[in-house]
$ cat entry.pdb   # PDB, C-alpha atoms
ATOM      1  CA  MET A1052      38.329-239.065 -47.700  1.00  0.00           C
ATOM      2  CA  ILE A1053      40.562-240.176 -44.805  1.00  0.00           C
ATOM      3  CA  ALA A1054      39.587-242.734 -42.165  1.00  0.00           C
ATOM      4  CA  MET A1055      41.989-243.487 -39.302  1.00  0.00           C
ATOM      5  CA  ARG A1056      41.196-246.296 -36.893  1.00  0.00           C
ATOM      6  CA  SER A1057      43.079-247.199 -33.695  1.00  0.00           C
ATOM      7  CA  ILE A1058      46.315-245.620 -34.957  1.00  0.00           C
ATOM      8  CA  VAL A1059      49.325-246.137 -32.723  1.00  0.00           C
ATOM      9  CA  LYS A1060      52.838-244.869 -33.402  1.00  0.00           C
ATOM     10  CA  ARG A1061      55.826-245.332 -31.143  1.00  0.00           C
ATOM     11  CA  PHE A1062      59.407-244.179 -31.304  1.00  0.00           C
ATOM     12  CA  GLY A1063      61.243-246.561 -29.038  1.00  0.00           C
ATOM     13  CA  ARG A1064      59.258-246.736 -25.822  1.00  0.00           C
ATOM     14  CA  GLN A1065      57.556-243.413 -26.390  1.00  0.00           C
ATOM     15  CA  ALA A1066      54.025-243.531 -27.761  1.00  0.00           C
ATOM     16  CA  VAL A1067      53.635-240.487 -30.004  1.00  0.00           C
ATOM     17  CA  LEU A1068      50.134-241.371 -31.230  1.00  0.00           C
ATOM     18  CA  ARG A1069      47.694-243.304 -29.050  1.00  0.00           C
ATOM     19  CA  ASP A1070      44.595-244.997 -30.486  1.00  0.00           C
ATOM     20  CA  ILE A1071      43.772-242.284 -33.006  1.00  0.00           C
ATOM     21  CA  ASP A1072      40.258-242.595 -34.404  1.00  0.00           C
ATOM     22  CA  ALA A1073      39.519-239.722 -36.768  1.00  0.00           C
ATOM     23  CA  ASP A1074      37.991-238.851 -40.112  1.00  0.00           C
ATOM     24  CA  VAL A1075      38.705-236.151 -42.668  1.00  0.00           C
ATOM     25  CA  ARG A1076      35.511-235.600 -44.624  1.00  0.00           C
ATOM     26  CA  SER A1077      35.462-235.107 -48.377  1.00  0.00           C
ATOM     27  CA  ALA A1078      34.959-231.679 -49.964  1.00  0.00           C
ATOM     28  CA  ARG A1079      35.709-229.905 -46.688  1.00  0.00           C
ATOM     29  CA  VAL A1080      38.591-228.084 -45.062  1.00  0.00           C
ATOM     30  CA  THR A1081      39.761-229.775 -41.870  1.00  0.00           C
ATOM     31  CA  ALA A1082      42.051-227.895 -39.508  1.00  0.00           C
ATOM     32  CA  LEU A1083      44.516-230.128 -37.677  1.00  0.00           C
ATOM     33  CA  VAL A1084      45.430-228.190 -34.540  1.00  0.00           C
ATOM     34  CA  GLY A1085      47.033-228.765 -31.168  1.00  0.00           C
ATOM     35  CA  PRO A1086      50.013-227.751 -29.037  1.00  0.00           C
ATOM     36  CA  ASN A1087      53.615-228.441 -29.963  1.00  0.00           C
ATOM     37  CA  GLY A1088      54.415-232.104 -29.439  1.00  0.00           C
ATOM     38  CA  ALA A1089      50.796-233.181 -29.911  1.00  0.00           C
ATOM     39  CA  GLY A1090      51.657-235.596 -32.722  1.00  0.00           C
ATOM     40  CA  LYS A1091      50.483-233.540 -35.701  1.00  0.00           C
ATOM     41  CA  THR A1092      53.701-233.898 -37.701  1.00  0.00           C
ATOM     42  CA  THR A1093      53.840-237.637 -37.052  1.00  0.00           C
ATOM     43  CA  LEU A1094      50.244-237.998 -38.203  1.00  0.00           C
ATOM     44  CA  LEU A1095      51.026-236.160 -41.445  1.00  0.00           C
ATOM     45  CA  LYS A1096      54.019-238.442 -42.035  1.00  0.00           C
ATOM     46  CA  LEU A1097      51.780-241.476 -41.686  1.00  0.00           C
ATOM     47  CA  LEU A1098      49.281-240.053 -44.174  1.00  0.00           C
ATOM     48  CA  LEU A1099      52.068-239.333 -46.655  1.00  0.00           C
ATOM     49  CA  GLY A1100      53.626-242.773 -46.299  1.00  0.00           C
ATOM     50  CA  LEU A1101      56.817-241.360 -44.807  1.00  0.00           C
ATOM     51  CA  ALA A1102      56.304-243.518 -41.718  1.00  0.00           C
ATOM     52  CA  ARG A1103      54.244-246.605 -40.904  1.00  0.00           C
ATOM     53  CA  PRO A1104      51.900-246.958 -37.931  1.00  0.00           C
ATOM     54  CA  ASP A1105      52.672-249.567 -35.294  1.00  0.00           C
ATOM     55  CA  GLY A1106      48.993-250.384 -35.035  1.00  0.00           C
ATOM     56  CA  GLY A1107      45.672-249.556 -36.642  1.00  0.00           C
ATOM     57  CA  THR A1108      44.675-248.729 -40.210  1.00  0.00           C
ATOM     58  CA  ILE A1109      44.540-245.651 -42.433  1.00  0.00           C
ATOM     59  CA  ALA A1110      42.379-245.483 -45.559  1.00  0.00           C
ATOM     60  CA  VAL A1111      42.577-242.689 -48.130  1.00  0.00           C
ATOM     61  CA  ALA A1112      39.664-242.493 -50.577  1.00  0.00           C
ATOM     62  CA  GLY A1113      38.660-246.002 -49.497  1.00  0.00           C
ATOM     63  CA  ARG A1114      42.104-247.501 -50.032  1.00  0.00           C
ATOM     64  CA  VAL A1115      43.823-248.959 -46.974  1.00  0.00           C
ATOM     65  CA  LEU A1116      47.462-247.892 -46.882  1.00  0.00           C
ATOM     66  CA  ASP A1117      49.649-250.978 -47.140  1.00  0.00           C
ATOM     67  CA  GLY A1118      53.038-249.552 -48.065  1.00  0.00           C
ATOM     68  CA  SER A1119      52.325-249.092 -51.759  1.00  0.00           C
ATOM     69  CA  PRO A1120      52.983-245.489 -52.876  1.00  0.00           C
ATOM     70  CA  ASP A1121      50.364-245.453 -55.639  1.00  0.00           C
ATOM     71  CA  TYR A1122      47.718-243.620 -53.586  1.00  0.00           C
ATOM     72  CA  ARG A1123      49.973-240.575 -53.312  1.00  0.00           C
ATOM     73  CA  VAL A1124      49.196-239.657 -56.910  1.00  0.00           C
ATOM     74  CA  ALA A1125      45.911-238.245 -55.566  1.00  0.00           C
ATOM     75  CA  ILE A1126      47.655-236.077 -52.951  1.00  0.00           C
ATOM     76  CA  GLY A1127      49.126-232.602 -53.178  1.00  0.00           C
ATOM     77  CA  TYR A1128      51.489-231.807 -50.314  1.00  0.00           C
ATOM     78  CA  MET A1129      52.783-228.402 -49.249  1.00  0.00           C
ATOM     79  CA  PRO A1130      55.391-228.772 -46.482  1.00  0.00           C
ATOM     80  CA  GLN A1131      56.026-225.972 -44.028  1.00  0.00           C
ATOM     81  CA  ILE A1132      59.639-225.734 -45.190  1.00  0.00           C
ATOM     82  CA  ALA A1133      60.288-227.086 -48.668  1.00  0.00           C
ATOM     83  CA  ARG A1134      63.887-228.249 -48.970  1.00  0.00           C
ATOM     84  CA  PHE A1135      64.243-227.847 -52.717  1.00  0.00           C
ATOM     85  CA  PRO A1136      67.594-228.280 -54.503  1.00  0.00           C
ATOM     86  CA  ALA A1137      69.024-224.777 -54.791  1.00  0.00           C
ATOM     87  CA  HIS A1138      70.118-225.173 -58.427  1.00  0.00           C
ATOM     88  CA  VAL A1139      66.723-226.362 -59.740  1.00  0.00           C
ATOM     89  CA  SER A1140      63.906-224.081 -60.912  1.00  0.00           C
ATOM     90  CA  GLY A1141      60.242-224.415 -60.037  1.00  0.00           C
ATOM     91  CA  ARG A1142      59.440-225.392 -63.610  1.00  0.00           C
ATOM     92  CA  GLU A1143      62.066-228.138 -63.571  1.00  0.00           C
ATOM     93  CA  LEU A1144      60.609-229.496 -60.346  1.00  0.00           C
ATOM     94  CA  LEU A1145      57.161-229.420 -61.929  1.00  0.00           C
ATOM     95  CA  THR A1146      58.460-231.517 -64.836  1.00  0.00           C
ATOM     96  CA  THR A1147      59.960-234.014 -62.393  1.00  0.00           C
ATOM     97  CA  LEU A1148      56.696-234.271 -60.452  1.00  0.00           C
ATOM     98  CA  ALA A1149      54.737-234.801 -63.663  1.00  0.00           C
ATOM     99  CA  SER A1150      57.028-237.695 -64.598  1.00  0.00           C
ATOM    100  CA  LEU A1151      56.220-239.344 -61.246  1.00  0.00           C
ATOM    101  CA  ARG A1152      52.473-239.131 -61.854  1.00  0.00           C
ATOM    102  CA  PRO A1153      51.481-241.560 -64.625  1.00  0.00           C
ATOM    103  CA  GLY A1154      48.710-240.105 -66.735  1.00  0.00           C
ATOM    104  CA  ALA A1155      48.948-236.729 -64.997  1.00  0.00           C
ATOM    105  CA  ARG A1156      46.902-233.955 -66.552  1.00  0.00           C
ATOM    106  CA  THR A1157      48.534-230.805 -67.862  1.00  0.00           C
ATOM    107  CA  PRO A1158      49.745-228.883 -64.811  1.00  0.00           C
ATOM    108  CA  ASP A1159      47.474-226.051 -63.692  1.00  0.00           C
ATOM    109  CA  LEU A1160      49.623-222.931 -63.250  1.00  0.00           C
ATOM    110  CA  THR A1161      46.847-220.474 -62.518  1.00  0.00           C
ATOM    111  CA  LEU A1162      48.111-220.124 -58.957  1.00  0.00           C
ATOM    112  CA  SER A1163      51.506-219.077 -60.322  1.00  0.00           C
ATOM    113  CA  GLU A1164      49.722-216.432 -62.369  1.00  0.00           C
ATOM    114  CA  ALA A1165      47.731-215.270 -59.336  1.00  0.00           C
ATOM    115  CA  PHE A1166      50.974-214.950 -57.366  1.00  0.00           C
ATOM    116  CA  GLU A1167      52.502-213.079 -60.341  1.00  0.00           C
ATOM    117  CA  LEU A1168      55.569-215.310 -60.154  1.00  0.00           C
ATOM    118  CA  GLY A1169      56.495-214.566 -63.747  1.00  0.00           C
ATOM    119  CA  GLY A1170      60.129-215.387 -64.500  1.00  0.00           C
ATOM    120  CA  ALA A1171      60.798-216.405 -60.893  1.00  0.00           C
ATOM    121  CA  PHE A1172      59.318-219.809 -61.709  1.00  0.00           C
ATOM    122  CA  ASP A1173      62.197-220.392 -64.128  1.00  0.00           C
ATOM    123  CA  ARG A1174      65.031-219.194 -61.896  1.00  0.00           C
ATOM    124  CA  PRO A1175      67.095-221.440 -59.591  1.00  0.00           C
ATOM    125  CA  LEU A1176      65.260-221.738 -56.296  1.00  0.00           C
ATOM    126  CA  GLY A1177      68.398-220.882 -54.359  1.00  0.00           C
ATOM    127  CA  THR A1178      68.304-217.369 -55.824  1.00  0.00           C
ATOM    128  CA  LEU A1179      64.739-216.684 -54.646  1.00  0.00           C
ATOM    129  CA  SER A1180      63.535-215.113 -51.422  1.00  0.00           C
ATOM    130  CA  GLY A1181      61.917-217.294 -48.789  1.00  0.00           C
ATOM    131  CA  GLY A1182      58.476-215.906 -49.588  1.00  0.00           C
ATOM    132  CA  THR A1183      58.886-216.568 -53.311  1.00  0.00           C
ATOM    133  CA  ARG A1184      60.042-220.139 -52.640  1.00  0.00           C
ATOM    134  CA  GLN A1185      56.922-220.604 -50.548  1.00  0.00           C
ATOM    135  CA  LYS A1186      54.811-219.454 -53.496  1.00  0.00           C
ATOM    136  CA  VAL A1187      56.551-222.037 -55.703  1.00  0.00           C
ATOM    137  CA  ASN A1188      55.887-224.597 -52.970  1.00  0.00           C
ATOM    138  CA  ALA A1189      52.156-223.791 -53.162  1.00  0.00           C
ATOM    139  CA  VAL A1190      52.068-223.898 -56.963  1.00  0.00           C
ATOM    140  CA  LEU A1191      53.612-227.373 -56.982  1.00  0.00           C
ATOM    141  CA  ALA A1192      51.113-228.660 -54.392  1.00  0.00           C
ATOM    142  CA  PHE A1193      48.074-227.450 -56.359  1.00  0.00           C
ATOM    143  CA  ALA A1194      49.369-228.038 -59.895  1.00  0.00           C
ATOM    144  CA  PHE A1195      47.832-231.463 -60.567  1.00  0.00           C
ATOM    145  CA  LYS A1196      44.358-230.829 -59.098  1.00  0.00           C
ATOM    146  CA  PRO A1197      44.752-233.476 -56.378  1.00  0.00           C
ATOM    147  CA  GLN A1198      41.753-234.982 -54.630  1.00  0.00           C
ATOM    148  CA  LEU A1199      43.431-234.373 -51.278  1.00  0.00           C
ATOM    149  CA  LEU A1200      45.611-231.416 -50.322  1.00  0.00           C
ATOM    150  CA  ILE A1201      47.764-231.607 -47.201  1.00  0.00           C
ATOM    151  CA  LEU A1202      49.011-228.136 -46.290  1.00  0.00           C
ATOM    152  CA  ASP A1203      51.459-227.679 -43.415  1.00  0.00           C
ATOM    153  CA  GLU A1204      51.607-224.049 -42.236  1.00  0.00           C
ATOM    154  CA  PRO A1205      50.960-222.921 -45.828  1.00  0.00           C
ATOM    155  CA  THR A1206      51.041-219.153 -45.294  1.00  0.00           C
ATOM    156  CA  ALA A1207      54.348-219.155 -43.399  1.00  0.00           C
ATOM    157  CA  GLY A1208      56.595-216.557 -45.018  1.00  0.00           C
ATOM    158  CA  LEU A1209      53.910-215.164 -47.314  1.00  0.00           C
ATOM    159  CA  ASP A1210      53.045-211.475 -47.377  1.00  0.00           C
ATOM    160  CA  PRO A1211      49.399-210.490 -46.722  1.00  0.00           C
ATOM    161  CA  LEU A1212      48.497-210.283 -50.425  1.00  0.00           C
ATOM    162  CA  ALA A1213      50.018-213.676 -51.267  1.00  0.00           C
ATOM    163  CA  SER A1214      48.356-215.163 -48.191  1.00  0.00           C
ATOM    164  CA  ARG A1215      44.999-213.854 -49.425  1.00  0.00           C
ATOM    165  CA  VAL A1216      45.599-215.361 -52.868  1.00  0.00           C
ATOM    166  CA  LEU A1217      46.399-218.743 -51.338  1.00  0.00           C
ATOM    167  CA  LYS A1218      43.382-218.745 -49.047  1.00  0.00           C
ATOM    168  CA  ASP A1219      41.115-217.863 -51.958  1.00  0.00           C
ATOM    169  CA  ARG A1220      42.551-220.815 -53.871  1.00  0.00           C
ATOM    170  CA  ILE A1221      41.931-223.152 -50.928  1.00  0.00           C
ATOM    171  CA  LEU A1222      38.291-222.053 -50.809  1.00  0.00           C
ATOM    172  CA  ALA A1223      37.988-222.515 -54.582  1.00  0.00           C
ATOM    173  CA  GLU A1224      39.364-226.060 -54.333  1.00  0.00           C
ATOM    174  CA  ARG A1225      36.820-226.915 -51.668  1.00  0.00           C
ATOM    175  CA  ALA A1226      34.018-225.436 -53.783  1.00  0.00           C
ATOM    176  CA  THR A1227      34.893-227.837 -56.614  1.00  0.00           C
ATOM    177  CA  GLY A1228      34.982-230.905 -54.372  1.00  0.00           C
ATOM    178  CA  GLY A1229      38.562-230.873 -53.159  1.00  0.00           C
ATOM    179  CA  THR A1230      39.450-232.073 -49.655  1.00  0.00           C
ATOM    180  CA  ILE A1231      41.973-230.064 -47.657  1.00  0.00           C
ATOM    181  CA  LEU A1232      43.778-230.960 -44.432  1.00  0.00           C
ATOM    182  CA  ILE A1233      45.594-227.926 -43.090  1.00  0.00           C
ATOM    183  CA  THR A1234      47.787-227.293 -40.062  1.00  0.00           C
ATOM    184  CA  SER A1235      48.519-223.833 -38.768  1.00  0.00           C
ATOM    185  CA  HIS A1236      49.483-222.141 -35.533  1.00  0.00           C
ATOM    186  CA  VAL A1237      47.921-218.922 -36.864  1.00  0.00           C
ATOM    187  CA  LEU A1238      44.386-219.744 -35.834  1.00  0.00           C
ATOM    188  CA  PRO A1239      42.716-216.522 -37.057  1.00  0.00           C
ATOM    189  CA  GLU A1240      43.642-217.458 -40.632  1.00  0.00           C
ATOM    190  CA  LEU A1241      41.747-220.746 -40.207  1.00  0.00           C
ATOM    191  CA  GLU A1242      38.574-218.915 -39.166  1.00  0.00           C
ATOM    192  CA  GLU A1243      37.299-218.460 -42.713  1.00  0.00           C
ATOM    193  CA  LEU A1244      38.747-221.728 -44.012  1.00  0.00           C
ATOM    194  CA  ALA A1245      37.973-224.518 -41.575  1.00  0.00           C
ATOM    195  CA  ASP A1246      34.759-226.500 -41.842  1.00  0.00           C
ATOM    196  CA  ASP A1247      35.957-229.122 -39.354  1.00  0.00           C
ATOM    197  CA  VAL A1248      38.500-229.254 -36.542  1.00  0.00           C
ATOM    198  CA  LEU A1249      40.670-232.164 -35.447  1.00  0.00           C
ATOM    199  CA  PHE A1250      42.336-231.277 -32.141  1.00  0.00           C
ATOM    200  CA  LEU A1251      45.255-233.395 -30.942  1.00  0.00           C
ATOM    201  CA  ALA A1252      46.990-233.245 -27.584  1.00  0.00           C
ATOM    202  CA  ASP A1253      49.361-235.718 -25.962  1.00  0.00           C
ATOM    203  CA  GLY A1254      49.108-237.977 -29.000  1.00  0.00           C
ATOM    204  CA  SER A1255      45.338-238.416 -28.747  1.00  0.00           C
ATOM    205  CA  VAL A1256      42.243-236.928 -30.343  1.00  0.00           C
ATOM    206  CA  LYS A1257      40.693-234.599 -27.793  1.00  0.00           C
ATOM    207  CA  TRP A1258      38.026-233.099 -30.037  1.00  0.00           C
ATOM    208  CA  GLN A1259      36.795-233.498 -33.611  1.00  0.00           C
ATOM    209  CA  GLY A1260      33.816-232.171 -35.478  1.00  0.00           C
ATOM    210  CA  PRO A1261      32.472-229.082 -37.252  1.00  0.00           C
ATOM    211  CA  ALA A1262      34.164-225.800 -36.334  1.00  0.00           C
ATOM    212  CA  ARG A1263      30.805-224.201 -35.568  1.00  0.00           C
ATOM    213  CA  GLU A1264      30.031-226.928 -33.011  1.00  0.00           C
ATOM    214  CA  LEU A1265      33.380-226.365 -31.318  1.00  0.00           C
ATOM    215  CA  LYS A1266      32.600-222.669 -30.952  1.00  0.00           C
ATOM    216  CA  MET A1267      29.127-223.445 -29.639  1.00  0.00           C
ATOM    217  CA  SER A1268      30.322-226.066 -27.159  1.00  0.00           C
ATOM    218  CA  THR A1269      33.008-223.764 -25.756  1.00  0.00           C
ATOM    219  CA  GLY A1270      30.814-220.664 -25.840  1.00  0.00           C
ATOM    220  CA  GLN A1271      33.423-218.797 -27.842  1.00  0.00           C
ATOM    221  CA  GLY A1272      32.839-216.589 -30.861  1.00  0.00           C
ATOM    222  CA  THR A1273      36.032-217.392 -32.746  1.00  0.00           C
ATOM    223  CA  LEU A1274      37.984-220.513 -33.570  1.00  0.00           C
ATOM    224  CA  GLU A1275      41.092-219.060 -31.947  1.00  0.00           C
ATOM    225  CA  ARG A1276      39.325-218.584 -28.614  1.00  0.00           C
ATOM    226  CA  ALA A1277      37.612-221.977 -28.847  1.00  0.00           C
ATOM    227  CA  VAL A1278      40.913-223.805 -29.394  1.00  0.00           C
ATOM    228  CA  ALA A1279      42.535-221.734 -26.653  1.00  0.00           C
ATOM    229  CA  GLN A1280      39.808-222.937 -24.285  1.00  0.00           C
ATOM    230  CA  LEU A1281      40.542-226.548 -25.246  1.00  0.00           C
ATOM    231  CA  LEU A1282      44.213-225.922 -24.508  1.00  0.00           C
ATOM    232  CA  ALA A1283      43.366-224.269 -21.200  1.00  0.00           C
ATOM    233  CA  GLY A1284      41.194-227.226 -20.229  1.00  0.00           C
ATOM    234  CA  ARG A1285      44.042-229.597 -21.031  1.00  0.00           C
ATOM    235  CA  ALA A1286      46.422-227.542 -18.884  1.00  0.00           C
ATOM    236  CA  MET A1287      43.985-227.599 -15.959  1.00  0.00           C
ATOM    237  CA  LEU A1288      43.654-231.378 -16.222  1.00  0.00           C
ATOM    238  CA  ALA A1289      47.440-231.736 -16.220  1.00  0.00           C
ATOM    239  CA  VAL A1290      47.729-229.641 -13.052  1.00  0.00           C
ATOM    240  CA  ALA A1291      44.920-231.573 -11.378  1.00  0.00           C
TER     241      ALA A1291
END
$ encode --input "entry.pdb" --output "structure tokens"
Amino acid sequence: MIAMRSIVKRFGRQAVLRDIDADVRSARVTALVGPNGAGKTTLLKLLLGLARPDGGTIAVAGRVLDGSPDYRVAIGYMPQIARFPAHVSGRELLTTLASLRPGARTPDLTLSEAFELGGAFDRPLGTLSGGTRQKVNAVLAFAFKPQLLILDEPTAGLDPLASRVLKDRILAERATGGTILITSHVLPELEELADDVLFLADGSVKWQGPARELKMSTGQGTLERAVAQLLAGRAMLAVA
């Protein structure tokens, strides 16, 4: 679904991403993990067309990104913090998004029903709690059945029940052929979701592959412990 080759991104003299070669496989959940400052946010911006690489190529569903925004019709994006206009309702935002997607299918609001949003979807977003706004954020990301979902800390602010609903929906999307790229600092929640892991540190890919292989190669029983071992190894190399 996503192929990144020799990606370089600089801000001034600082190289934030260095020769990134990575793939996000179709119909799988890929966890993008790494320490703060690893380059994860910059990588997401490149995938979303919010920034351009200084070198290398990115292809989404076989289409090399060249500055045209058309490919984004196939993407659903859930930011960690959605900065919605306070006076607009979730339904009004949905109408706006539909107008930006030529030929878009009828929005799927089953996630709204699962969250039991009810009338909250029609109230100004500024009147809603942070957790309810995050539910609206999720509904908007999933509404048009995108081929690719990019989810940035998707359960942040959600209560345990809402988090369970969202994770079930992620698994359902994968089961029907959807591709999901997800970032989270809460590694235990990725345990049941992640098929593959893409680990960034210092702007470079330090490990990528199936989650089960990462656990086997590190000798750890959980994804959290396996990633922690990668981080520990990085820290030891820095000291050395």
$ closest_residue --input "entry.pdb" --among "A:Met1129, A:Leu1098, A:Leu1222, A:Ala1194" --to "Asp1117 in chain A" --atoms "only C-alpha atoms"
A:Leu1098
$ closest_residue --input "entry.pdb" --among "A:Pro1211, A:Pro1197, A:Gly1063, A:Pro1205" --to "Ala1078 in chain A" --atoms "all atoms listed in the file"
A:Pro1197
$ atom_distance --input "entry.pdb" --atom1 "CA of Ile1221 in chain A" --atom2 "CA of Ala1133 in chain A"
18.9 Å
$ closest_residue --input "entry.pdb" --among "A:Ala1112, A:Ala1277, A:Leu1217, A:Leu1160" --to "Ala1125 in chain A" --atoms "all atoms listed in the file"
A:Ala1112
$ atom_distance --input "entry.pdb" --atom1 "CA of Ser1180 in chain A" --atom2 "CA of Ile1233 in chain A"
23.6 Å
$ resolve_selection --input "entry.pdb" --expression "the PyMOL selection byres ((chain A and resi 1250) around 8)" --output "JSON, numbers by chain"
{"A": [1083, 1084, 1085, 1248, 1249, 1251, 1252, 1256, 1257, 1258, 1259]}
$ resolve_selection --input "entry.pdb" --expression "the PyMOL selection byres ((chain A and resi 1077) around 10)" --output "ChimeraX atom specification"
/A:1052-1053,1074-1076,1078-1081,1112,1198-1199,1225,1228-1231
$ resolve_selection --input "entry.pdb" --expression "the PyMOL selection byres ((chain A and resi 1269) around 12)" --output "ChimeraX atom specification"
/A:1258,1262-1268,1270-1284
$ residues_around --input "entry.pdb" --residues "Gly1181 in chain A" --least-positions-apart "4" --cutoff "9 Å" --atoms "all atoms listed in the file" --output "number ranges by chain"
A: 1185-1186, 1208-1209
$ atom_distance --input "entry.pdb" --atom1 "CA of Val1139 in chain A" --atom2 "CA of Gly1177 in chain A"
7.9 Å
$ residues_near_point --input "entry.pdb" --point "(58.0, -215.2, -56.7)" --cutoff "8 Å" --atoms "all atoms listed in the file" --output "VMD selection string"
chain A and resid 1166 to 1169 1171 to 1172 1179 to 1180 1182 to 1184 1186 to 1187
$ residues_around --input "entry.pdb" --residues "Ile1132 in chain A" --least-positions-apart "2" --cutoff "9 Å" --atoms "all atoms listed in the file" --output "ChimeraX atom specification"
/A:1129-1130,1134,1185,1188,1203-1204,1207
$ residues_around --input "entry.pdb" --residues "Tyr1122 in chain A" --least-positions-apart "6" --cutoff "10 Å" --atoms "only C-alpha atoms" --output "MDAnalysis selection string"
chainID A and resid 1099:1100 1110:1112 1114:1116
